[in-house]
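Asker: Structure file input12.txt, compact mmCIF, C-alpha atoms, is pasted below:
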```
# COMPACT_ATOMS: atom_id res chain seq x y z
CA MET A 1 0.05 30.65 -20.29
CA LYS A 2 -0.15 26.87 -20.81
CA GLY A 3 3.02 26.36 -18.76
CA LEU A 4 1.60 28.48 -15.96
CA LEU A 5 -1.55 26.35 -15.85
CA ILE A 6 0.51 23.15 -15.73
CA ALA A 7 2.65 24.52 -12.88
CA PHE A 8 -0.50 25.57 -11.03
CA GLY A 9 -2.01 22.11 -11.51
CA ILE A 10 1.12 20.38 -10.21
CA THR A 11 1.22 22.71 -7.19
CA ILE A 12 -2.43 22.00 -6.38
CA GLY A 13 -1.78 18.25 -6.76
CA ILE A 14 1.19 18.38 -4.38
CA LEU A 15 -0.77 20.35 -1.81
CA LEU A 16 -3.66 17.88 -2.11
CA LEU A 17 -1.30 14.94 -1.51
CA ILE A 18 0.19 16.62 1.55
CA TYR A 19 -3.31 17.40 2.86
CA ILE A 20 -4.61 13.84 2.33
CA PHE A 21 -1.57 11.99 3.68
CA GLY A 22 -0.27 14.50 6.19
CA TYR A 23 3.27 15.70 6.65
CA ASN A 24 4.15 12.78 8.97
CA TYR A 25 3.55 10.27 6.15
CA PHE A 26 6.26 11.81 3.97
CA LYS A 27 8.53 12.23 6.99
CA SER A 28 8.15 8.49 7.77
CA ILE A 29 9.11 7.56 4.19
CA LYS A 30 12.17 9.80 4.34
CA LYS A 31 13.16 8.08 7.60
CA ARG A 32 12.77 4.55 6.13
CA ASP A 33 14.32 5.18 2.70
CA PRO A 34 17.92 6.44 2.57
CA ALA A 35 17.48 7.22 -1.15
CA ALA A 36 14.75 9.78 -0.38
CA ARG A 37 16.45 13.16 -0.61
CA HIS A 38 13.46 15.47 -0.16
CA PHE A 39 9.68 15.51 0.05
CA LEU A 40 9.15 16.74 -3.50
CA GLN A 41 11.05 13.71 -4.83
CA ILE A 42 8.82 11.40 -2.78
CA ILE A 43 5.61 13.09 -3.95
CA LEU A 44 6.56 13.20 -7.63
CA THR A 45 8.45 9.94 -8.19
CA TYR A 46 7.37 7.27 -5.70
CA PRO A 47 4.77 4.93 -7.28
CA GLY A 48 3.73 3.59 -3.86
CA VAL A 49 2.65 7.11 -2.85
CA HIS A 50 0.67 7.47 -6.08
CA ALA A 51 -1.01 4.07 -5.66
CA LEU A 52 -2.02 4.90 -2.08
CA PHE A 53 -3.40 8.27 -3.21
CA PHE A 54 -5.66 6.50 -5.70
CA TYR A 55 -6.49 3.87 -3.06
CA LYS A 56 -7.71 6.47 -0.55
CA ILE A 57 -10.16 7.87 -3.10
CA ALA A 58 -11.25 4.40 -4.28
CA HIS A 59 -11.62 3.05 -0.73
CA PHE A 60 -13.94 5.94 0.17
CA LEU A 61 -16.07 5.23 -2.91
CA TYR A 62 -16.04 1.50 -2.12
CA LYS A 63 -17.34 2.13 1.40
CA ILE A 64 -20.27 4.21 0.09
CA LYS A 65 -21.22 1.37 -2.28
CA LEU A 66 -19.81 2.89 -5.49
CA LYS A 67 -17.77 -0.28 -5.97
CA LEU A 68 -17.50 -0.28 -9.76
CA ILE A 69 -16.16 3.28 -9.85
CA ALA A 70 -13.70 2.39 -7.07
CA GLU A 71 -12.51 -0.67 -8.99
CA ILE A 72 -12.08 1.36 -12.19
CA ILE A 73 -9.98 3.93 -10.29
CA MET A 74 -7.75 1.16 -8.94
CA TRP A 75 -7.51 -0.41 -12.40
CA ILE A 76 -6.18 2.92 -13.71
CA ALA A 77 -3.80 3.14 -10.74
CA ARG A 78 -2.54 -0.40 -11.46
CA PHE A 79 -1.94 0.54 -15.08
CA ILE A 80 0.09 3.61 -14.02
CA THR A 81 1.98 2.25 -10.99
CA HIS A 82 2.03 -1.56 -11.47
CA ILE A 83 0.73 -1.84 -7.91
CA GLU A 84 -2.60 -3.62 -7.41
CA ILE A 85 -4.58 -2.68 -4.32
CA HIS A 86 -8.18 -3.79 -4.04
CA PRO A 87 -10.33 -0.84 -2.91
CA GLY A 88 -11.92 -3.06 -0.23
CA ALA A 89 -8.60 -3.65 1.57
CA LYS A 90 -8.08 -1.87 4.90
CA ILE A 91 -4.75 -0.07 5.11
CA GLY A 92 -3.41 1.65 8.23
CA LYS A 93 -1.40 4.83 8.52
CA ARG A 94 1.99 5.41 6.88
CA LEU A 95 2.24 2.28 4.71
CA PHE A 96 5.39 2.62 2.59
CA ILE A 97 5.46 0.63 -0.65
CA ASP A 98 9.05 0.89 -1.88
CA HIS A 99 9.86 -0.05 -5.51
CA GLY A 100 6.23 -1.15 -5.71
CA CYS A 101 6.12 -2.99 -9.03
CA GLY A 102 4.20 -6.24 -8.70
CA VAL A 103 2.66 -5.62 -5.27
CA VAL A 104 -0.78 -7.21 -4.87
CA ILE A 105 -3.08 -6.47 -1.90
CA GLY A 106 -6.32 -8.48 -1.87
CA GLU A 107 -9.85 -7.39 -1.01
CA THR A 108 -10.05 -8.60 2.58
CA ALA A 109 -6.45 -7.81 3.53
CA ILE A 110 -5.87 -5.64 6.59
CA ILE A 111 -2.56 -3.80 7.03
CA GLY A 112 -1.54 -2.09 10.28
CA ASP A 113 0.32 1.19 10.80
CA ASP A 114 3.94 1.95 9.84
CA CYS A 115 4.46 -1.08 7.59
CA THR A 116 7.04 -1.27 4.82
CA MET A 117 6.47 -3.36 1.72
CA TYR A 118 8.96 -3.98 -1.09
CA HIS A 119 8.30 -4.95 -4.69
CA GLY A 120 6.63 -8.21 -5.60
CA VAL A 121 4.82 -8.71 -2.28
CA THR A 122 1.50 -10.58 -2.47
CA LEU A 123 -1.17 -10.49 0.21
CA GLY A 124 -3.33 -13.11 -1.43
CA GLY A 125 -6.17 -15.49 -0.75
CA ARG A 126 -6.41 -19.27 -0.77
CA LYS A 127 -10.20 -19.63 -0.93
CA PHE A 128 -12.84 -18.67 -3.47
CA GLU A 129 -15.74 -18.05 -1.06
CA HIS A 130 -16.96 -14.61 0.02
CA VAL A 131 -15.24 -14.73 3.42
CA LYS A 132 -12.13 -13.18 4.97
CA ARG A 133 -9.54 -14.85 2.77
CA HIS A 134 -6.54 -12.49 2.84
CA PRO A 135 -3.95 -11.86 5.57
CA THR A 136 -4.02 -9.42 8.47
CA ILE A 137 -0.69 -7.65 8.92
CA GLY A 138 0.19 -6.07 12.28
CA ASN A 139 1.92 -2.77 12.99
CA ASN A 140 5.54 -2.03 12.10
CA VAL A 141 5.93 -5.05 9.80
CA MET A 142 8.55 -5.23 7.05
CA LEU A 143 7.59 -7.42 4.08
CA GLY A 144 10.66 -8.24 1.97
CA THR A 145 10.89 -8.42 -1.79
CA GLY A 146 8.76 -11.15 -3.33
CA SER A 147 7.29 -12.36 -0.05
CA ARG A 148 3.93 -14.12 -0.23
CA ILE A 149 1.45 -14.10 2.64
CA LEU A 150 -1.46 -16.31 1.61
CA GLY A 151 -4.79 -16.99 3.23
CA ASN A 152 -6.54 -15.70 6.32
CA VAL A 153 -3.43 -15.59 8.50
CA ASN A 154 -2.30 -13.06 11.10
CA VAL A 155 1.19 -11.59 11.01
CA GLY A 156 1.99 -10.05 14.40
CA ASN A 157 3.49 -6.67 15.26
CA ASN A 158 7.18 -5.92 14.63
CA VAL A 159 7.64 -8.90 12.29
CA THR A 160 10.29 -8.98 9.57
CA VAL A 161 9.52 -11.18 6.56
CA ALA A 162 12.57 -12.02 4.46
CA ALA A 163 12.70 -11.77 0.69
CA ASN A 164 10.82 -14.55 -1.12
CA ALA A 165 9.42 -16.00 2.11
CA MET A 166 6.01 -17.65 2.06
CA ILE A 167 3.68 -17.48 5.05
CA LEU A 168 0.80 -19.93 5.34
CA LYS A 169 0.08 -19.81 9.10
CA ASP A 170 -0.07 -17.19 11.86
CA VAL A 171 3.19 -15.48 12.88
CA PRO A 172 3.58 -14.23 16.49
CA ASP A 173 4.87 -10.75 17.36
CA ASN A 174 8.57 -9.87 17.09
CA GLU A 175 9.53 -12.74 14.76
CA THR A 176 11.75 -12.92 11.68
CA VAL A 177 10.41 -15.23 8.99
CA ILE A 178 12.56 -16.85 6.30
CA GLY A 179 11.67 -19.57 3.81
CA ILE A 180 8.29 -21.28 3.95
CA TYR A 181 6.42 -20.72 7.22
CA LYS A 182 3.68 -23.38 7.46
```
Here is the file; what I need is its structure written in the form of structure tokens.
Answerer:
Amino acid sequence: MKGLLIAFGITIGILLLIYIFGYNYFKSIKKRDPAARHFLQIILTYPGVHALFFYKIAHFLYKIKLKLIAEIIMWIARFITHIEIHPGAKIGKRLFIDHGCGVVIGETAIIGDDCTMYHGVTLGGRKFEHVKRHPTIGNNVMLGTGSRILGNVNVGNNVTVAANAMILKDVPDNETVIGIYK
């Protein structure tokens, strides 16, 4: 009986994930990750998917002024996934966080649609005032392992940021960034 309840709970959880994210989200991950064999693997084992699931709940609570509850949910998510997403961040459709350990997304960050982010990426601030202090990332952007985008900068559409690159100023559309971009 206990095993049946566990299986039922897992099934409900999987269906809830598919409902919240939509089938196209998992299809886009499968397209971008050659290691993804099937949707069940993505749902059960990808920490980026889990972190974004928690984020969607926390972001809703954050918007209706239940900020402490939202922050506690994201604290739990960070503990489980090692991915830190502030519930105030604005994230577009189909963000794929691959090997997400060490990813940090700040409060005023804005991320466009169809972006891919690898482990160790930081979308951080450079100011301590209550202003827009985190980056805005365009659509279809690939952020390589360990890249740092700091401050209120804009990264255009279709940009590729190499591993361990640092961005400190605006990047136009269709660029590839390596090293320190300042």
Asker: Please report the interatomic distance between atom CA of A:Phe53 and atom CA of A:Ile14 in Å with one decimal.
Answerer: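 Computed distance, atom CA of A:Phe53 to atom CA of A:Ile14, equals 11.2 Å.
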Asker: Give, as lines of an AutoDock Vina configuration file, the centre coordinates and the x, y and z edge lengths in Å to one decimal for an axis-aligned box around all listed atoms of stretch 96-105 of chain A, padded by 5 Å on each side.
Answerer:
```
center_x = 3.4
center_y = -2.3
center_z = -3.2
size_x = 22.9
size_y = 19.8
size_z = 21.6
```
Asker: List the spatial neighbours of A:Arg78 as a ChimeraX atom specification - criterion: any atom at most 10 Å away, only C-alpha atoms, same-chain residues fewer than 3 positions off excluded.
Answerer: /A:47,51,54,72-75,81-86,101-104
Asker: Find, counting only C-alpha atoms, the residue in A:Val131, A:Ile29, A:Leu68, A:Leu150 that gets nearest to A:Leu95.
Answerer: A:Ile29
Asker: In Å, how far is it from atom CA of A:Met166 to atom CA of A:Ser147?
Answerer: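 A separation of 5.8 Å between them.
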